[in-house]
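K.L.:
Got run.txt for you, compact mmCIF, C-alpha atoms:
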# COMPACT_ATOMS: atom_id res chain seq x y z
CA MET A 1 -26.01 7.58 -86.90
CA SER A 2 -22.96 9.01 -85.18
CA ASP A 3 -21.38 9.45 -88.65
CA TYR A 4 -23.79 12.36 -89.18
CA ILE A 5 -23.46 13.89 -85.72
CA PRO A 6 -20.35 15.83 -84.66
CA GLN A 7 -18.25 13.89 -82.16
CA GLU A 8 -18.41 16.81 -79.73
CA LEU A 9 -22.22 16.64 -79.72
CA VAL A 10 -22.17 12.87 -79.22
CA LEU A 11 -19.90 13.39 -76.21
CA GLN A 12 -22.18 16.03 -74.72
CA ILE A 13 -25.30 13.89 -75.13
CA LEU A 14 -23.76 10.72 -73.75
CA SER A 15 -22.15 12.52 -70.80
CA TRP A 16 -25.60 13.12 -69.27
CA LEU A 17 -26.71 9.49 -69.39
CA PRO A 18 -26.55 7.06 -66.43
CA PRO A 19 -23.50 4.76 -66.16
CA LYS A 20 -25.53 1.55 -66.50
CA SER A 21 -26.79 2.64 -69.93
CA LEU A 22 -23.39 3.88 -71.02
CA LEU A 23 -21.73 0.59 -70.14
CA ARG A 24 -24.20 -1.15 -72.46
CA PHE A 25 -23.63 1.45 -75.17
CA ARG A 26 -19.97 0.44 -75.38
CA CYS A 27 -21.21 -2.38 -77.60
CA VAL A 28 -22.68 0.02 -80.18
CA CYS A 29 -19.37 0.58 -81.94
CA LYS A 30 -15.63 0.81 -81.28
CA SER A 31 -15.63 4.60 -81.31
CA TRP A 32 -18.34 4.76 -78.64
CA CYS A 33 -16.53 2.18 -76.52
CA SER A 34 -13.32 4.19 -76.77
CA LEU A 35 -15.14 7.44 -75.99
CA ILE A 36 -17.12 6.17 -73.01
CA THR A 37 -14.08 4.61 -71.31
CA SER A 38 -11.76 7.56 -71.94
CA PRO A 39 -10.52 9.59 -68.92
CA ASN A 40 -11.77 12.81 -70.51
CA PHE A 41 -15.32 11.46 -70.88
CA ILE A 42 -15.38 10.13 -67.30
CA HIS A 43 -14.12 13.53 -66.08
CA ILE A 44 -16.92 15.36 -67.94
CA HIS A 45 -19.52 12.84 -66.71
CA THR A 46 -18.38 13.35 -63.10
CA ARG A 47 -18.41 17.14 -63.52
CA ASN A 48 -22.01 17.02 -64.77
CA LEU A 49 -23.05 15.40 -61.47
CA SER A 50 -22.55 18.73 -59.68
CA VAL A 51 -24.78 20.77 -62.01
CA PRO A 52 -27.64 22.33 -59.95
CA ASN A 53 -31.11 20.88 -60.52
CA CYS A 54 -29.65 17.96 -62.47
CA ILE A 55 -31.85 14.86 -62.15
CA THR A 56 -29.05 13.16 -60.22
CA ASN A 57 -29.57 15.73 -57.44
CA THR A 58 -33.24 14.79 -57.02
CA ARG A 59 -32.63 11.33 -55.56
CA LYS A 60 -31.89 10.27 -52.01
CA LEU A 61 -29.98 7.20 -50.86
CA ILE A 62 -31.34 5.73 -47.63
CA ARG A 63 -29.64 3.01 -45.60
CA HIS A 64 -31.40 1.36 -42.72
CA CYS A 65 -30.76 -1.81 -40.71
CA THR A 66 -33.59 -4.28 -40.27
CA ILE A 67 -34.04 -6.46 -37.21
CA SER A 68 -36.69 -8.88 -38.44
CA PRO A 69 -37.16 -11.21 -40.15
CA LEU A 70 -33.39 -10.94 -40.76
CA SER A 71 -30.78 -8.52 -39.48
CA LYS A 72 -29.27 -6.87 -42.54
CA ASP A 73 -28.39 -3.56 -44.18
CA VAL A 74 -30.97 -2.32 -46.69
CA TYR A 75 -30.12 0.38 -49.26
CA SER A 76 -32.80 2.09 -51.34
CA VAL A 77 -32.99 5.06 -53.73
CA HIS A 78 -35.95 7.48 -53.62
CA PHE A 79 -36.90 10.39 -55.86
CA ASP A 80 -37.07 13.50 -53.71
CA ASN A 81 -40.51 14.50 -54.96
CA ARG A 82 -43.70 15.25 -53.05
CA SER A 83 -44.49 11.61 -52.23
CA PHE A 84 -40.85 10.57 -51.90
CA ASP A 85 -41.83 7.68 -54.22
CA LEU A 86 -42.27 5.27 -51.34
CA ASP A 87 -44.06 2.80 -53.63
CA TYR A 88 -41.38 2.98 -56.32
CA ALA A 89 -38.17 3.07 -54.31
CA VAL A 90 -35.39 1.03 -55.88
CA GLU A 91 -33.60 -1.33 -53.51
CA ILE A 92 -29.87 -1.70 -54.13
CA ASP A 93 -28.28 -5.11 -53.70
CA PHE A 94 -25.83 -4.86 -50.82
CA PRO A 95 -22.98 -7.33 -51.40
CA PHE A 96 -21.44 -7.21 -47.92
CA ASN A 97 -24.15 -8.70 -45.71
CA ASN A 98 -21.78 -11.44 -44.59
CA LYS A 99 -20.87 -8.96 -41.85
CA ARG A 100 -23.38 -7.89 -39.23
CA TYR A 101 -22.94 -4.18 -39.75
CA TYR A 102 -20.93 -1.69 -41.81
CA GLU A 103 -20.60 1.94 -40.81
CA ILE A 104 -20.93 4.47 -43.65
CA VAL A 105 -18.08 6.97 -43.48
CA GLY A 106 -19.57 9.05 -46.29
CA SER A 107 -20.68 9.11 -49.91
CA CYS A 108 -19.53 11.21 -52.84
CA ASN A 109 -20.48 11.05 -56.54
CA GLY A 110 -22.22 7.72 -56.01
CA LEU A 111 -19.17 6.19 -54.30
CA ILE A 112 -19.79 4.96 -50.76
CA CYS A 113 -17.06 4.52 -48.15
CA LEU A 114 -17.69 1.69 -45.65
CA SER A 115 -15.88 0.63 -42.49
CA ASP A 116 -16.48 -2.51 -40.41
CA ASP A 117 -14.38 -1.33 -37.45
CA VAL A 118 -17.40 -0.60 -35.26
CA ARG A 119 -16.70 -3.53 -32.95
CA GLY A 120 -12.93 -3.87 -33.05
CA TYR A 121 -9.64 -3.18 -34.79
CA THR A 122 -10.35 -4.93 -38.10
CA ASN A 123 -9.07 -1.95 -40.14
CA THR A 124 -11.28 -2.89 -43.09
CA ILE A 125 -12.29 0.01 -45.33
CA ILE A 126 -14.18 -0.53 -48.59
CA LEU A 127 -15.15 1.83 -51.39
CA TRP A 128 -18.30 0.67 -53.15
CA ASN A 129 -20.01 1.91 -56.32
CA PRO A 130 -23.45 0.24 -56.42
CA ALA A 131 -24.34 1.73 -59.84
CA ILE A 132 -21.66 -0.24 -61.68
CA ARG A 133 -21.24 -2.93 -59.01
CA ARG A 134 -17.59 -2.41 -58.26
CA LYS A 135 -15.67 -2.28 -54.98
CA LEU A 136 -12.18 -1.48 -53.78
CA THR A 137 -10.82 -2.85 -50.50
CA LEU A 138 -8.14 -0.56 -49.11
CA PRO A 139 -4.77 -1.90 -47.92
CA LEU A 140 -3.95 -1.92 -44.22
CA PRO A 141 -3.28 1.61 -42.92
CA GLN A 142 -0.07 2.46 -41.09
CA GLY A 143 -1.72 3.55 -37.83
CA VAL A 144 -2.75 0.19 -36.36
CA LEU A 145 -2.73 -1.46 -32.92
CA LYS A 146 0.72 -2.99 -33.50
CA ASN A 147 2.29 0.43 -34.12
CA LEU A 148 0.22 2.68 -31.86
CA GLY A 149 -1.02 0.52 -29.01
CA SER A 150 -4.52 1.38 -27.76
CA TYR A 151 -6.04 4.03 -29.98
CA MET A 152 -9.22 5.55 -31.38
CA PHE A 153 -9.66 6.86 -34.89
CA VAL A 154 -11.79 9.06 -37.14
CA LEU A 155 -12.38 8.56 -40.87
CA GLY A 156 -13.18 11.01 -43.64
CA PHE A 157 -13.97 10.61 -47.32
CA GLY A 158 -14.21 13.00 -50.27
CA PHE A 159 -13.21 14.02 -53.79
CA ASP A 160 -10.22 16.09 -54.91
CA CYS A 161 -11.61 17.92 -57.95
CA GLU A 162 -8.17 19.22 -59.00
CA ALA A 163 -6.50 15.81 -59.00
CA ASP A 164 -9.74 14.12 -60.10
CA ASP A 165 -9.21 11.59 -57.32
CA TYR A 166 -11.05 10.16 -54.31
CA LYS A 167 -9.40 10.32 -50.91
CA ILE A 168 -9.88 8.77 -47.50
CA LEU A 169 -8.52 10.35 -44.33
CA ARG A 170 -7.70 8.56 -41.11
CA LEU A 171 -6.77 10.26 -37.84
CA SER A 172 -5.53 7.87 -35.15
CA TYR A 173 -5.37 9.06 -31.54
CA ARG A 174 -3.26 7.08 -29.10
CA LYS A 175 -4.81 6.57 -25.67
CA CYS A 176 -3.22 6.51 -22.25
CA GLY A 177 -5.86 5.34 -19.82
CA ASP A 178 -8.75 7.75 -20.24
CA MET A 179 -6.54 10.37 -21.88
CA VAL A 180 -6.41 10.98 -25.62
CA ILE A 181 -2.96 11.94 -26.91
CA VAL A 182 -2.53 14.76 -29.42
CA PRO A 183 -1.56 15.29 -32.15
CA PRO A 184 -3.10 12.29 -33.91
CA PHE A 185 -1.29 10.20 -36.47
CA VAL A 186 -2.80 11.33 -39.78
CA GLU A 187 -2.69 9.40 -43.03
CA VAL A 188 -4.41 9.69 -46.38
CA TYR A 189 -5.30 7.16 -49.05
CA THR A 190 -5.87 8.10 -52.69
CA VAL A 191 -7.56 5.82 -55.20
CA LYS A 192 -5.17 6.75 -58.03
CA THR A 193 -2.06 5.76 -56.07
CA GLY A 194 -3.72 2.87 -54.28
CA ALA A 195 -1.64 3.57 -51.18
CA TRP A 196 -1.50 5.41 -47.87
CA ARG A 197 0.77 8.31 -46.93
CA SER A 198 1.26 10.00 -43.57
CA ILE A 199 0.99 13.62 -42.47
CA SER A 200 3.74 14.62 -40.09
CA ALA A 201 3.40 18.42 -39.85
CA PRO A 202 2.14 20.18 -36.67
CA ALA A 203 -1.59 20.40 -36.13
CA PRO A 204 -4.21 22.60 -34.41
CA GLN A 205 -4.41 22.10 -30.64
CA PHE A 206 -7.68 20.19 -30.76
CA ILE A 207 -8.69 16.53 -30.63
CA ILE A 208 -11.29 14.80 -32.75
CA ALA A 209 -13.36 12.95 -30.21
CA GLY A 210 -15.13 9.65 -30.68
CA TYR A 211 -14.27 6.56 -32.61
CA TYR A 212 -16.07 7.57 -35.78
CA GLY A 213 -16.47 11.34 -36.08
CA ARG A 214 -19.19 11.91 -38.70
CA GLN A 215 -18.20 14.05 -41.61
CA ALA A 216 -19.91 16.90 -43.38
CA SER A 217 -18.32 18.27 -46.52
CA VAL A 218 -18.77 21.90 -47.44
CA ASN A 219 -16.85 24.24 -49.73
CA GLY A 220 -13.99 21.78 -49.98
CA PHE A 221 -13.06 21.72 -46.31
CA TYR A 222 -13.02 18.88 -43.82
CA THR A 223 -14.73 19.89 -40.60
CA VAL A 224 -14.31 17.89 -37.44
CA TYR A 225 -17.45 17.46 -35.42
CA ARG A 226 -19.71 14.80 -34.12
CA ARG A 227 -20.49 14.48 -37.80
CA GLN A 228 -18.04 15.15 -40.55
CA ALA A 229 -18.75 17.54 -43.39
CA TYR A 230 -17.28 17.85 -46.85
CA VAL A 231 -17.42 21.35 -48.33
CA ASN A 232 -15.71 23.28 -51.12
CA GLY A 233 -13.43 20.39 -51.99
CA VAL A 234 -11.94 20.17 -48.53
CA PHE A 235 -11.96 16.93 -46.62
CA THR A 236 -9.71 14.73 -44.50
CA VAL A 237 -8.82 11.52 -46.28
CA TYR A 238 -6.63 8.51 -46.82
CA THR A 239 -4.16 8.68 -49.67
CA GLY A 240 -1.38 6.32 -50.77
CA ILE A 241 1.71 4.91 -49.17
CA GLY A 242 4.83 6.54 -48.21
CA ARG A 243 4.48 10.22 -49.13
CA GLY A 244 4.29 12.88 -46.43
CA ILE A 245 1.69 15.67 -46.38
CA SER A 246 2.82 19.08 -45.22
CA ALA A 247 -0.56 20.10 -43.79
CA PRO A 248 -0.63 20.68 -40.02
CA THR A 249 -2.17 17.84 -38.03
CA PRO A 250 -5.15 18.77 -35.80
CA LEU A 251 -4.58 18.80 -32.05
CA PHE A 252 -8.33 18.82 -31.43
CA ASN A 253 -10.76 16.17 -30.30
CA ILE A 254 -13.38 15.48 -32.93
CA SER A 255 -16.71 14.79 -31.35
CA GLY A 256 -18.00 11.74 -33.15
CA TYR A 257 -21.31 10.05 -33.85
CA TYR A 258 -20.05 7.00 -35.74
CA GLY A 259 -18.23 8.50 -38.72
CA ARG A 260 -21.08 9.61 -40.96
CA GLN A 261 -20.11 12.24 -43.47
CA ALA A 262 -21.82 15.24 -45.04
CA TYR A 263 -20.13 16.33 -48.24
CA VAL A 264 -20.42 19.87 -49.69
CA ASN A 265 -18.35 21.78 -52.25
CA GLY A 266 -15.31 19.59 -51.85
CA ALA A 267 -14.58 19.90 -48.13
CA ALA A 268 -14.96 17.69 -45.05
CA HIS A 269 -15.95 18.98 -41.60
CA TRP A 270 -16.36 17.90 -37.94
CA VAL A 271 -16.97 19.58 -34.58
CA ALA A 272 -13.87 19.63 -32.39
CA TYR A 273 -12.79 20.66 -28.90
CA PRO A 274 -9.44 21.17 -27.10
CA PRO A 275 -7.79 18.39 -25.06
CA ASN A 276 -8.08 20.48 -21.90
CA TYR A 277 -11.49 19.36 -20.65
CA ARG A 278 -11.66 22.32 -18.25
CA CYS A 279 -11.63 24.63 -21.27
CA THR A 280 -14.92 24.57 -23.20
CA ARG A 281 -14.21 25.91 -26.65
CA SER A 282 -15.92 24.02 -29.42
CA LEU A 283 -15.30 24.75 -33.08
CA ILE A 284 -15.52 23.17 -36.52
CA LEU A 285 -12.34 21.70 -37.96
CA SER A 286 -12.12 21.40 -41.75
CA PHE A 287 -9.74 19.80 -44.19
CA ASP A 288 -9.37 20.99 -47.77
CA MET A 289 -9.47 17.98 -50.10
CA CYS A 290 -7.46 19.66 -52.83
CA ASN A 291 -4.83 21.50 -50.76
CA GLU A 292 -4.90 19.03 -47.86
CA VAL A 293 -4.86 21.80 -45.28
CA PHE A 294 -6.64 21.83 -41.93
CA ARG A 295 -8.60 24.94 -41.04
CA GLU A 296 -10.68 26.10 -38.09
CA ILE A 297 -14.20 27.47 -38.52
CA MET A 298 -15.84 29.27 -35.64
CA LEU A 299 -19.30 28.16 -34.51
CA PRO A 300 -22.16 30.59 -33.91
CA ARG A 301 -21.00 32.69 -30.96
CA CYS A 302 -23.72 31.34 -28.69
CA LEU A 303 -22.48 27.76 -29.27
CA VAL A 304 -18.74 28.27 -28.78
CA GLY A 305 -18.97 27.56 -25.05
CA GLU A 306 -21.30 24.57 -25.45
CA SER A 307 -20.16 20.95 -25.30
CA ALA A 308 -19.07 19.51 -28.66
CA TRP A 309 -20.65 16.23 -27.66
CA TYR A 310 -24.09 17.80 -28.06
CA MET A 311 -23.44 19.16 -31.55
CA GLU A 312 -23.05 17.75 -35.02
CA VAL A 313 -22.42 19.13 -38.50
CA VAL A 314 -24.77 18.47 -41.40
CA VAL A 315 -25.32 19.82 -44.89
CA ILE A 316 -28.50 21.74 -45.63
CA GLN A 317 -29.10 22.58 -49.30
CA ASP A 318 -25.37 22.65 -50.08
CA SER A 319 -24.49 24.80 -47.06
CA LEU A 320 -22.60 23.89 -43.89
CA ALA A 321 -24.91 23.62 -40.89
CA VAL A 322 -24.67 22.68 -37.23
CA VAL A 323 -27.28 21.07 -34.97
CA GLU A 324 -27.04 21.60 -31.21
CA TYR A 325 -28.99 19.56 -28.67
CA ASP A 326 -30.14 21.44 -25.57
CA LYS A 327 -30.83 18.66 -23.10
CA SER A 328 -32.42 20.97 -20.52
CA LEU A 329 -35.02 22.21 -23.03
CA ASN A 330 -35.37 18.95 -25.00
CA MET A 331 -34.71 21.00 -28.11
CA ARG A 332 -32.42 20.82 -31.14
CA SER A 333 -31.43 24.16 -32.64
CA VAL A 334 -30.37 24.24 -36.30
CA TRP A 335 -27.92 26.83 -37.63
CA VAL A 336 -26.73 27.29 -41.23
CA MET A 337 -23.70 29.18 -42.53
CA LYS A 338 -25.18 31.26 -45.37
CA GLU A 339 -21.74 32.25 -46.71
CA TYR A 340 -19.10 29.61 -46.30
CA GLY A 341 -16.28 30.61 -43.95
CA VAL A 342 -17.97 33.86 -42.82
CA VAL A 343 -18.73 33.59 -39.10
CA ASP A 344 -21.23 36.46 -39.16
CA SER A 345 -23.31 34.57 -41.75
CA TRP A 346 -24.40 31.91 -39.23
CA THR A 347 -28.21 32.03 -39.17
CA LYS A 348 -30.57 30.14 -36.90
CA LEU A 349 -33.15 28.30 -39.01
CA TYR A 350 -35.43 26.73 -36.40
CA ASN A 351 -35.78 24.66 -33.25
CA ILE A 352 -36.88 21.03 -33.29
CA ASP A 353 -38.88 19.88 -30.27
CA THR A 354 -37.50 16.46 -29.23
CA GLU A 355 -40.17 15.95 -26.55
CA VAL A 356 -42.54 14.71 -29.27
CA GLY A 357 -40.25 11.74 -29.94
CA LEU A 358 -38.03 13.17 -32.69
CA GLY A 359 -34.36 12.23 -32.64
CA ILE A 360 -31.32 12.60 -34.89
CA MET A 361 -31.46 15.01 -37.84
CA LEU A 362 -30.20 13.25 -40.99
CA GLY A 363 -30.82 15.89 -43.63
CA VAL A 364 -33.22 18.24 -45.38
CA ARG A 365 -35.29 17.54 -48.48
CA ARG A 366 -35.54 19.83 -51.51
CA ASN A 367 -38.88 21.15 -50.23
CA GLY A 368 -37.31 22.10 -46.89
CA GLU A 369 -38.84 19.29 -44.86
CA VAL A 370 -36.53 17.61 -42.36
CA LEU A 371 -35.55 13.93 -42.25
CA LEU A 372 -35.35 12.69 -38.65
CA THR A 373 -35.19 9.49 -36.67
CA THR A 374 -37.67 8.83 -33.88
CA ARG A 375 -37.62 7.06 -30.54
CA ASN A 376 -39.66 4.31 -32.17
CA GLU A 377 -36.79 3.40 -34.53
CA GLU A 378 -38.44 5.10 -37.53
CA LEU A 379 -37.33 7.50 -40.24
CA VAL A 380 -39.81 10.34 -40.70
CA ASP A 381 -40.28 13.36 -42.93
CA TYR A 382 -41.12 16.35 -40.68
CA ASN A 383 -42.76 19.60 -41.80
CA MET A 384 -41.43 22.44 -39.64
CA GLN A 385 -44.33 24.72 -40.57
CA THR A 386 -47.24 22.41 -39.76
CA GLY A 387 -45.62 20.03 -37.27
CA GLU A 388 -46.89 17.10 -39.33
CA SER A 389 -44.75 14.06 -40.05
CA MET A 390 -44.84 11.20 -42.55
CA ASN A 391 -43.35 7.78 -41.85
CA LEU A 392 -40.80 6.76 -44.48
CA ILE A 393 -39.28 3.66 -42.87
CA THR A 394 -40.78 1.93 -39.83
CA ASN A 395 -38.54 -1.11 -39.28
CA GLY A 396 -35.11 0.41 -38.79
CA ILE A 397 -32.66 0.95 -35.96
CA LYS A 398 -32.55 4.55 -34.72
CA ASN A 399 -28.79 5.14 -34.73
CA ASN A 400 -28.07 3.30 -37.98
CA PHE A 401 -29.99 5.34 -40.54
CA PHE A 402 -28.08 7.11 -43.30
CA VAL A 403 -29.44 9.63 -45.83
CA ASP A 404 -27.59 11.42 -48.62
CA THR A 405 -28.06 12.66 -52.17
CA TYR A 406 -27.48 9.79 -54.60
CA LYS A 407 -25.62 10.19 -57.89
CA GLU A 408 -24.52 7.46 -60.29
CA SER A 409 -20.95 7.67 -61.58
CA PHE A 410 -18.09 5.72 -63.17
CA ALA A 411 -16.00 5.82 -59.99
CA LEU A 412 -13.88 2.63 -59.68
CA LEU A 413 -14.50 1.66 -63.34
CA PHE A 414 -10.80 0.80 -63.67
CA GLU A 415 -9.94 0.16 -60.01
CA GLY A 416 -10.97 -2.61 -57.67
CA GLU A 417 -13.14 -5.52 -58.71
CA LYS A 418 -16.71 -6.53 -59.50
CA THR A 419 -18.98 -7.20 -56.55
CA GLU A 420 -20.75 -10.52 -56.22
CA ILE A 421 -24.35 -10.62 -55.04
Can I see the file as structure tokens?

P.N.:
Amino acid sequence: MSDYIPQELVLQILSWLPPKSLLRFRCVCKSWCSLITSPNFIHIHTRNLSVPNCITNTRKLIRHCTISPLSKDVYSVHFDNRSFDLDYAVEIDFPFNNKRYYEIVGSCNGLICLSDDVRGYTNTIILWNPAIRRKLTLPLPQGVLKNLGSYMFVLGFGFDCEADDYKILRLSYRKCGDMVIVPPFVEVYTVKTGAWRSISAPAPQFIIAGYYGRQASVNGFYTVYRRQAYVNGVFTVYTGIGRGISAPTPLFNISGYYGRQAYVNGAAHWVAYPPNYRCTRSLILSFDMCNEVFREIMLPRCLVGESAWYMEVVVIQDSLAVVEYDKSLNMRSVWVMKEYGVVDSWTKLYNIDTEVGLGIMLGVRRNGEVLLTTRNEELVDYNMQTGESMNLITNGIKNNFFVDTYKESFALLFEGEKTEI
């Protein structure tokens, strides 16, 4: 049939199909096999993932950890419709349950970055594409216990749209007693080179605090906060061996809640604070994935003097947002940056009353309802207008939930190896 259809039209039609189907379609004919596995086709297929209202943007990936009958990580995909398709959720086979627990650094274009360093210096980082069942185990980074002594580190993960490459960032802070030494040792890994390289240039005078600062990615920048964010193609990442990056290294503490990332518009973000504990000046630190440059983003003015440890960055409908916990009022306030990089565009969306048992904010659905953990180890869907909630998962562990938009891609088609279930 393709003999009667222009090749350009065949390419456009196929580029919207899911990877699993396309991998089967390679058997149709040699020309289709050549087309589907070509770098140009994979580039177009990846680009289509970012089209607004595409079906790939209507699904959510949820990870939770069960306690009984067995302790294991469970991954499932849900359509973000009215019912959240609880009865038709698709469970993804997780091939790494030989370990007790993997922390999710972040996800991007269907590629998930995992770390098993939660309980020690194992330095194991894995990229995993569940759609095509492939994984890539990264080589040992340069900043390890042997070279640095006692240290803490923060990870970031994102996509460089200009180089068409995935990157992982690692910031390692040496410790002297209770003190954290700045600047951190910064290195980046890129999938295309398959190696790490270090960043030696000066950095902002802030420290990324916590072992696994969560990431949020917005407008390509990497922001340092309790969570990490990826926005506008900017993000802090690992990339190959041996080459130096000229970007300044942050001298800020990133306040971390176990390395979970929010990715928006190609940038990664965290909340950060200065090493001088007597000086309370919190901000958001970002890293541009394409230019590999650190930048500072000011918080809403009323939050600048608040402790970074009570804030985290998230992504709300493709915009950078920050959640601040007011312990005295048992309230979480949610702010969104309407125009990326414009401080005056910070807008307060709402307050979440934590006295009713609501906990960590994991994201926002397409209909505006909020996904939250509870004190009872549940994941709930919360309607801010009515105050009503719907249980989504009831057998999880409060601090180990992960929620993100799920997209299927060809990432790692030619790198890494097949996973075994």

K.L.:
Please report, as CSV, each residue of segment 113-138 of chain A lying at most 10 Å from segment 176-200 of chain A, together with the nearest pair of atoms and the separation in Å rounded to one decimal; use all atoms listed in the file, and order rows by chain and ascending residue number.

P.N.:
residue,atom,partner,partner_atom,distance
A:Leu127,CA,A:Val191,CA,9.4
A:Leu136,CA,A:Val191,CA,8.8
A:Thr137,CA,A:Gly194,CA,9.9
A:Leu138,CA,A:Gly194,CA,7.6

K.L.:
Rank nothing, just name the residue among A:Tyr4, A:Leu145, A:Gln385, A:Ala411 nearest to Thr37 of chain A, using all atoms listed in the file.

P.N.:
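Of A:Tyr4, A:Leu145, A:Gln385, A:Ala411, the one nearest Thr37 of chain A, counting all atoms listed in the file, is A:Ala411.
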
K.L.:
Report, in Å to a single decimal, how far apart atom CA of Tyr406 of chain A and atom CA of Lys60 of chain A are.

P.N.:
5.1 Å

K.L.:
How many Å lie between atom CA of His43 of chain A and atom CA of Leu111 of chain A, rounded to one decimal?

P.N.:
14.8 Å

K.L.:
Tell me which protein, DNA and RNA residues are within 7 Å of Ser319 of chain A, counting only C-alpha atoms, leaving out same-chain ones fewer than 6 positions away, and put them as a list in words.

P.N.:
Val218, Val264, Val336, Met337 and Lys338 of chain A

K.L.:
Nearest to Tyr263 of chain A among A:Gly110, A:Gly368, A:Pro141, A:Gly357, with distances taken over all atoms listed in the file: which residue is it?

P.N.:
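Looking only at the distances to Tyr263 of chain A, the closest residue turns out to be A:Gly110.
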
K.L.:
Skip segment 28-34 of chain A itself and residues of its chain fewer than 6 positions away, then list as a list in words all residues within 10 Å of it, counting all atoms listed in the file.

P.N.:
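Contacts, with the query itself left out: Ser2, Gln7, Val10, Leu11, Leu14, Leu22 and Phe41 of chain A.
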
K.L.:
Could you give me the axis-aligned bounding box of segment 121-126 of chain A, with 5 Å of padding per side, as centre plus edge lengths in Å to one decimal, as AutoDock Vina command-line options?

P.N.:
--center_x -11.6 --center_y -2.5 --center_z -41.7 --size_x 15.1 --size_y 14.9 --size_z 23.8

K.L.:
May I have the residues at most 12 Å from (-21.8, 31.2, -26.7) in the file's coordinates, counting all atoms listed in the file, as number ranges by chain?

P.N.:
A: 280-283, 298-307, 324

K.L.:
Just give me the gap between atom CA of Leu17 of chain A and atom CA of Phe94 of chain A in Å, one decimal is fine.

P.N.:
23.5 Å

K.L.:
Determine, counting only C-alpha atoms, which protein, DNA and RNA residues have an atom within 10 Å of an atom of Asn81 of chain A; residues of the same chain fewer than 6 positions away are not included. Present the result as a ChimeraX atom specification.

P.N.:
/A:58-59,365-367

K.L.:
Nearest to Ile397 of chain A: which of A:Cys65, A:Leu148, A:Cys161, A:Leu412 is it, counting all atoms listed in the file?

P.N.:
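Smallest distance to Ile397 of chain A is found for A:Cys65.
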
K.L.:
Some atoms are absent from segment 407-417 of chain A, so rebuild N, CA, C and O atoms and return them as an mmCIF file, keeping the file's coordinate frame.

P.N.:
data_model
loop_
_atom_site.group_PDB
_atom_site.id
_atom_site.type_symbol
_atom_site.label_atom_id
_atom_site.label_comp_id
_atom_site.auth_asym_id
_atom_site.auth_seq_id
_atom_site.Cartn_x
_atom_site.Cartn_y
_atom_site.Cartn_z
ATOM 1 N N LYS A 407 -26.010 9.937 -56.503
ATOM 2 C CA LYS A 407 -25.620 10.190 -57.890
ATOM 3 C C LYS A 407 -24.917 8.952 -58.424
ATOM 4 O O LYS A 407 -24.126 8.334 -57.716
ATOM 5 N N GLU A 408 -25.184 8.605 -59.672
ATOM 6 C CA GLU A 408 -24.520 7.460 -60.290
ATOM 7 C C GLU A 408 -23.300 7.946 -61.067
ATOM 8 O O GLU A 408 -23.381 8.933 -61.800
ATOM 9 N N SER A 409 -22.187 7.250 -60.922
ATOM 10 C CA SER A 409 -20.950 7.670 -61.580
ATOM 11 C C SER A 409 -20.140 6.463 -62.026
ATOM 12 O O SER A 409 -20.490 5.312 -61.761
ATOM 13 N N PHE A 410 -19.014 6.761 -62.707
ATOM 14 C CA PHE A 410 -18.090 5.720 -63.170
ATOM 15 C C PHE A 410 -16.970 5.459 -62.163
ATOM 16 O O PHE A 410 -16.007 4.764 -62.493
ATOM 17 N N ALA A 411 -17.062 6.017 -60.969
ATOM 18 C CA ALA A 411 -16.000 5.820 -59.990
ATOM 19 C C ALA A 411 -15.691 4.338 -59.803
ATOM 20 O O ALA A 411 -16.590 3.521 -59.696
ATOM 21 N N LEU A 412 -14.408 3.994 -59.812
ATOM 22 C CA LEU A 412 -13.880 2.630 -59.680
ATOM 23 C C LEU A 412 -14.053 1.794 -60.960
ATOM 24 O O LEU A 412 -13.900 0.570 -60.911
ATOM 25 N N LEU A 413 -14.351 2.423 -62.098
ATOM 26 C CA LEU A 413 -14.500 1.660 -63.340
ATOM 27 C C LEU A 413 -13.223 0.873 -63.653
ATOM 28 O O LEU A 413 -13.283 -0.256 -64.158
ATOM 29 N N PHE A 414 -12.071 1.461 -63.352
ATOM 30 C CA PHE A 414 -10.800 0.800 -63.670
ATOM 31 C C PHE A 414 -10.061 0.307 -62.419
ATOM 32 O O PHE A 414 -9.016 -0.320 -62.528
ATOM 33 N N GLU A 415 -10.573 0.620 -61.247
ATOM 34 C CA GLU A 415 -9.940 0.160 -60.010
ATOM 35 C C GLU A 415 -10.811 -0.889 -59.334
ATOM 36 O O GLU A 415 -12.006 -0.996 -59.599
ATOM 37 N N GLY A 416 -10.208 -1.638 -58.449
ATOM 38 C CA GLY A 416 -10.970 -2.610 -57.670
ATOM 39 C C GLY A 416 -11.453 -3.801 -58.468
ATOM 40 O O GLY A 416 -10.805 -4.232 -59.436
ATOM 41 N N GLU A 417 -12.622 -4.310 -58.101
ATOM 42 C CA GLU A 417 -13.140 -5.520 -58.710
ATOM 43 C C GLU A 417 -14.668 -5.513 -58.696
ATOM 44 O O GLU A 417 -15.293 -4.726 -57.981
#
